[in-house]
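Participant: Please read through the structure below; I'll follow up with questions.
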Amino acid sequence: MINVGTIKKDFPIFKNYKDTHGQSLVYLDSAASSQTPQQVVEAMNDYYFNYRANVHRGPHALSVEATHAYEQARATVAKFIHAETKEMVFTPGATLGLNMLVLMLEKFLNLTPHDGIVVSVSEHHSNFIPFQELAKRTKAKMQLIPLKGTELDYDVAQNLISSKTKIVAIPLASNVLGTIYDVQRIIRQAKECGAVTIVDATTAIGHVDVNVQTLGCDFLFFSGHKMLGPTGIGGLYGKKDIFAKLQPIFSGGGAIKSVSPEETIYRDSPMCFEAGTPNIAGAIGLAAAVEYIESLGIESISSHVQDLVQYCTESLSRIPEITIVSEKNEQKNIGIVSFVVRDVTSMQVTQALGKQHISSRGGYHCAMPLVKTIDTAGVCRASFYVYNERSDVDRLVAVLKNILYPNESLGENKKQNWRNLFVRKS
Ligand SMILES: Cc1ncc(COP(=O)(O)O)c(C=O)c1O
């Protein structure tokens with residue numbers, strides 16, 4: 001059971017915001033980046049203040065301690081996704097992790113114009129553009145699994161994936177619709193066809209149990225900053241036998257066993273994929289975020305967020321000018337309510353909400369292929385996490401109603417301001 005009152009005390013931003021702005025913050029933008037509890041910042045500070053040194057590079061006490069903490073962090077994060085430690089590579093984030101993987105797969109798979117790459121229309125650009133570029137370079141055919149309502153169209157997926165398909169990449173959950181997809185179903189089929197499978201867990205991780213064993217994927221990636229961790233750190237999971245076959249795309253210190261003028265011999269995974277000094281504090285902070293999430297319990301987080309999705313979906317559905325576009329079944333929703341307001345652009349709504357201390361996001365959410373099929377002016381998104389409560393939804397609804405129906409209590413000047421914000425969509 002989540003106690004938001006207690007949890008909020010761990011997130012100094014809520015008090016600090018109120019002290020600075022005189023109003024409490026309603027933070028409904030965790031799908032873009034979550035807030036950070038002080039336990040995470042303290043873990044990073046501890047490294048910087050008490051045992052800062054480089055890792056894997058020296059036998060002196062500080063380096064030994066830093067190396068131990070960094071590798072302990074890897075073990076914690078690996079366990080969180082049910083992976084082995086050597087299957088867990090720290091990356092600067094989801095985008096760079098996936099780009100690195102795509103470059104390694106390009107070499108490994110040696111794609112030709114006869115080969116296929118299957119992704120979905122529901123991808124974040126990070127899991128879309130690298131494949132589009134790969135397809136351009138290799139002339140492989142990139143195909144998209146379309147949507148059926150808020151779900152992926154699994155029947156079409158079945159027809160698209162064939163023995164020609166070399167890569168299948170899909171998200172565990174949509175960062176726009178909130179839908180938790182039946183990724184296992186697609187992975188099963190892709191495996192039968194011998195394709196490499198990649199899962200973008202960036203929206204889902206920290207909200208539901210992410211289990212690479214039950215998913216059965218070859219690769220999975222995510223960012224730390226959407227799961228209460230710091231920015232600039234993420235994870236790339238790779239099944240150990242396939243990781244062992246990949247050639248690192250980046251080379252340098254830390255990744256190698258030996259170097260001679262003629263030849264370089266790389267270390268085993270994961271070290272061979274982490275050339276250069278890594279984000280040590282970031283890894284330690286990410287592990288602290290995992291520990292924080294585990295202390296709350298992933299099941300409790302899921303049901304807390306589902307309650308908010310259900311309450312928000314229901315509340316917004318009562319406003320005739322609003323159309324909900326996200327997954328309405330909260331059991332299948334990761335914690336996102338997206339909507340369109342009739343005659344008003346998503347950016348105008350988001351801007352107006354921001355003025356009332358409600359942080360949300362409008363626009364394309366880095367998922368243009370999907371969002372443009374819903375509304376060319378983008379969609380508004382409220383995303384929920386551990387520090388949100390029903391009163392946040394009440395404030396969202398109250399402000400939206402004030403925007404839509406400026407009432408007498410606002411006074412003439414305020415009413416005028418609201419109206420000025422709203423240039424109607426043409
Ligand atoms: C589903 C999804 N995938 C990938 C990314 C990219 O993450 P990052 O910007 O941290 O690299 C995001 C970020 O918004 C996302 O929502």
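So you can find residues: chains in the structure tokens are A, B, ... in the order shown, residues in each start at 1, and ligands are numbered from 1 in order.
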Using only C-alpha atoms and all ligand atoms, I'd like a table of the residues in chain A that come within 10 Å of ligand 1; for each, show the closest atom pair and its distance in Å rounded to one decimal, ordered by chain and ascending number, as JSON lines.
Facilitator:
```
{"residue": "A:Ser30", "atom": "CA", "partner": "ligand 1", "partner_atom_place_in_ligand_line": "14 (O)", "distance": 9.7}
{"residue": "A:Ala31", "atom": "CA", "partner": "ligand 1", "partner_atom_place_in_ligand_line": "16 (O)", "distance": 6.3}
{"residue": "A:Ala32", "atom": "CA", "partner": "ligand 1", "partner_atom_place_in_ligand_line": "14 (O)", "distance": 5.2}
{"residue": "A:Ser33", "atom": "CA", "partner": "ligand 1", "partner_atom_place_in_ligand_line": "14 (O)", "distance": 7.5}
{"residue": "A:Thr91", "atom": "CA", "partner": "ligand 1", "partner_atom_place_in_ligand_line": "11 (O)", "distance": 9.5}
{"residue": "A:Pro92", "atom": "CA", "partner": "ligand 1", "partner_atom_place_in_ligand_line": "11 (O)", "distance": 7.7}
{"residue": "A:Gly93", "atom": "CA", "partner": "ligand 1", "partner_atom_place_in_ligand_line": "11 (O)", "distance": 4.6}
{"residue": "A:Ala94", "atom": "CA", "partner": "ligand 1", "partner_atom_place_in_ligand_line": "11 (O)", "distance": 3.9}
{"residue": "A:Thr95", "atom": "CA", "partner": "ligand 1", "partner_atom_place_in_ligand_line": "11 (O)", "distance": 3.7}
{"residue": "A:Leu96", "atom": "CA", "partner": "ligand 1", "partner_atom_place_in_ligand_line": "11 (O)", "distance": 6.3}
{"residue": "A:Gly97", "atom": "CA", "partner": "ligand 1", "partner_atom_place_in_ligand_line": "11 (O)", "distance": 7.9}
{"residue": "A:Leu98", "atom": "CA", "partner": "ligand 1", "partner_atom_place_in_ligand_line": "11 (O)", "distance": 8.6}
{"residue": "A:Asn99", "atom": "CA", "partner": "ligand 1", "partner_atom_place_in_ligand_line": "11 (O)", "distance": 9.8}
{"residue": "A:Ser122", "atom": "CA", "partner": "ligand 1", "partner_atom_place_in_ligand_line": "1 (C)", "distance": 9.0}
{"residue": "A:Glu123", "atom": "CA", "partner": "ligand 1", "partner_atom_place_in_ligand_line": "1 (C)", "distance": 6.8}
{"residue": "A:His124", "atom": "CA", "partner": "ligand 1", "partner_atom_place_in_ligand_line": "2 (C)", "distance": 5.0}
{"residue": "A:His125", "atom": "CA", "partner": "ligand 1", "partner_atom_place_in_ligand_line": "4 (C)", "distance": 7.2}
{"residue": "A:Ser126", "atom": "CA", "partner": "ligand 1", "partner_atom_place_in_ligand_line": "4 (C)", "distance": 5.1}
{"residue": "A:Asn127", "atom": "CA", "partner": "ligand 1", "partner_atom_place_in_ligand_line": "3 (N)", "distance": 6.4}
{"residue": "A:Phe128", "atom": "CA", "partner": "ligand 1", "partner_atom_place_in_ligand_line": "3 (N)", "distance": 9.4}
{"residue": "A:Ile170", "atom": "CA", "partner": "ligand 1", "partner_atom_place_in_ligand_line": "1 (C)", "distance": 9.6}
{"residue": "A:Pro171", "atom": "CA", "partner": "ligand 1", "partner_atom_place_in_ligand_line": "1 (C)", "distance": 6.5}
{"residue": "A:Leu172", "atom": "CA", "partner": "ligand 1", "partner_atom_place_in_ligand_line": "1 (C)", "distance": 8.2}
{"residue": "A:Ala173", "atom": "CA", "partner": "ligand 1", "partner_atom_place_in_ligand_line": "1 (C)", "distance": 7.2}
{"residue": "A:Ser174", "atom": "CA", "partner": "ligand 1", "partner_atom_place_in_ligand_line": "1 (C)", "distance": 6.4}
{"residue": "A:Asn175", "atom": "CA", "partner": "ligand 1", "partner_atom_place_in_ligand_line": "1 (C)", "distance": 5.1}
{"residue": "A:Val176", "atom": "CA", "partner": "ligand 1", "partner_atom_place_in_ligand_line": "16 (O)", "distance": 8.4}
{"residue": "A:Gly178", "atom": "CA", "partner": "ligand 1", "partner_atom_place_in_ligand_line": "1 (C)", "distance": 10.0}
{"residue": "A:Val199", "atom": "CA", "partner": "ligand 1", "partner_atom_place_in_ligand_line": "3 (N)", "distance": 9.6}
{"residue": "A:Asp200", "atom": "CA", "partner": "ligand 1", "partner_atom_place_in_ligand_line": "3 (N)", "distance": 5.9}
{"residue": "A:Ala201", "atom": "CA", "partner": "ligand 1", "partner_atom_place_in_ligand_line": "1 (C)", "distance": 6.8}
{"residue": "A:Thr202", "atom": "CA", "partner": "ligand 1", "partner_atom_place_in_ligand_line": "2 (C)", "distance": 4.8}
{"residue": "A:Thr203", "atom": "CA", "partner": "ligand 1", "partner_atom_place_in_ligand_line": "1 (C)", "distance": 4.8}
{"residue": "A:Ala204", "atom": "CA", "partner": "ligand 1", "partner_atom_place_in_ligand_line": "1 (C)", "distance": 8.0}
{"residue": "A:Ile205", "atom": "CA", "partner": "ligand 1", "partner_atom_place_in_ligand_line": "1 (C)", "distance": 10.0}
{"residue": "A:Phe221", "atom": "CA", "partner": "ligand 1", "partner_atom_place_in_ligand_line": "4 (C)", "distance": 8.3}
{"residue": "A:Phe222", "atom": "CA", "partner": "ligand 1", "partner_atom_place_in_ligand_line": "4 (C)", "distance": 6.8}
{"residue": "A:Ser223", "atom": "CA", "partner": "ligand 1", "partner_atom_place_in_ligand_line": "10 (O)", "distance": 4.8}
{"residue": "A:Gly224", "atom": "CA", "partner": "ligand 1", "partner_atom_place_in_ligand_line": "10 (O)", "distance": 7.3}
{"residue": "A:His225", "atom": "CA", "partner": "ligand 1", "partner_atom_place_in_ligand_line": "10 (O)", "distance": 6.7}
{"residue": "A:Lys226", "atom": "CA", "partner": "ligand 1", "partner_atom_place_in_ligand_line": "10 (O)", "distance": 7.5}
{"residue": "A:Thr231", "atom": "CA", "partner": "ligand 1", "partner_atom_place_in_ligand_line": "10 (O)", "distance": 7.4}
{"residue": "A:Gly232", "atom": "CA", "partner": "ligand 1", "partner_atom_place_in_ligand_line": "10 (O)", "distance": 7.4}
{"residue": "A:Ile233", "atom": "CA", "partner": "ligand 1", "partner_atom_place_in_ligand_line": "10 (O)", "distance": 8.0}
{"residue": "A:Gly234", "atom": "CA", "partner": "ligand 1", "partner_atom_place_in_ligand_line": "10 (O)", "distance": 7.4}
{"residue": "A:His365", "atom": "CA", "partner": "ligand 1", "partner_atom_place_in_ligand_line": "14 (O)", "distance": 7.2}
{"residue": "A:Cys366", "atom": "CA", "partner": "ligand 1", "partner_atom_place_in_ligand_line": "14 (O)", "distance": 6.8}
{"residue": "A:Ala367", "atom": "CA", "partner": "ligand 1", "partner_atom_place_in_ligand_line": "1 (C)", "distance": 8.7}
```
Participant: Quick one: residues within 9 Å of Met104 of chain A, only C-alpha atoms, excluding same-chain residues fewer than 6 positions away - as an MDAnalysis selection string?
Facilitator: chainID A and resid 246:249
Participant: Counting only C-alpha atoms, which residues in segment 296-371 of chain A sit no more than 10 Å from segment 179-184 of chain A? For each one, give the nearest pair of atoms and the distance in Å, sorted by chain then residue number, as CSV.
Facilitator:
```
residue,atom,partner,partner_atom,distance
A:Ser326,CA,A:Thr179,CA,7.3
A:Glu327,CA,A:Thr179,CA,5.4
A:Lys328,CA,A:Thr179,CA,8.8
A:Asn329,CA,A:Thr179,CA,8.7
A:Glu330,CA,A:Thr179,CA,8.8
A:Gln331,CA,A:Ile180,CA,8.8
A:Lys332,CA,A:Ile180,CA,5.4
A:Asn333,CA,A:Thr179,CA,4.8
A:Ile334,CA,A:Ile180,CA,6.2
A:Gly335,CA,A:Thr179,CA,8.8
A:Ile336,CA,A:Thr179,CA,8.3
```
Participant: From the list A:Ile129, A:Val349, A:Ala382, A:Ile403, which residue is nearest Cys312 of chain A when using only C-alpha atoms?
Facilitator: A:Ala382
Participant: Based on the backbone DSSP call, show me all residues of segment 148-235 of chain A assigned strand (DSSP E or B), as a ChimeraX atom specification.
Facilitator: /A:148,151-152,165-171,173,179-180,196-200,205,208,219-223,234-235
Participant: Store the residues picked out above, limited to C-alpha atoms, as a short mmCIF file (atom, residue, chain, number, x, y, z; two decimals), in the first residue's frame.
Facilitator:
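Result file again-v4.cif:
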```cif
data_model
loop_
_atom_site.label_atom_id
_atom_site.label_comp_id
_atom_site.auth_asym_id
_atom_site.auth_seq_id
_atom_site.Cartn_x
_atom_site.Cartn_y
_atom_site.Cartn_z
CA LYS A 148 -5.83 -1.78 -33.28
CA GLU A 151 -3.42 -2.25 -28.67
CA LEU A 152 -0.90 -3.48 -31.18
CA THR A 165 12.68 -10.95 -40.42
CA LYS A 166 16.02 -10.41 -38.72
CA ILE A 167 15.06 -7.92 -36.01
CA VAL A 168 11.84 -7.35 -34.09
CA ALA A 169 11.82 -4.33 -31.75
CA ILE A 170 8.79 -3.36 -29.68
CA PRO A 171 7.94 -1.38 -26.56
CA ALA A 173 4.31 -0.16 -22.97
CA THR A 179 -1.01 0.35 -23.02
CA ILE A 180 1.05 -2.55 -21.71
CA VAL A 196 16.64 -11.01 -32.79
CA THR A 197 14.17 -9.48 -30.33
CA ILE A 198 14.54 -6.12 -28.62
CA VAL A 199 12.25 -4.62 -26.00
CA ASP A 200 12.06 -0.94 -25.09
CA ILE A 205 10.33 -0.15 -15.84
CA VAL A 208 5.54 -3.14 -13.45
CA PHE A 219 17.80 -7.45 -25.58
CA LEU A 220 16.00 -4.91 -23.43
CA PHE A 221 16.86 -1.31 -22.68
CA PHE A 222 15.76 1.52 -20.41
CA SER A 223 16.72 4.85 -18.81
CA GLY A 234 20.49 3.56 -18.32
CA GLY A 235 20.71 -0.13 -18.90
#
```
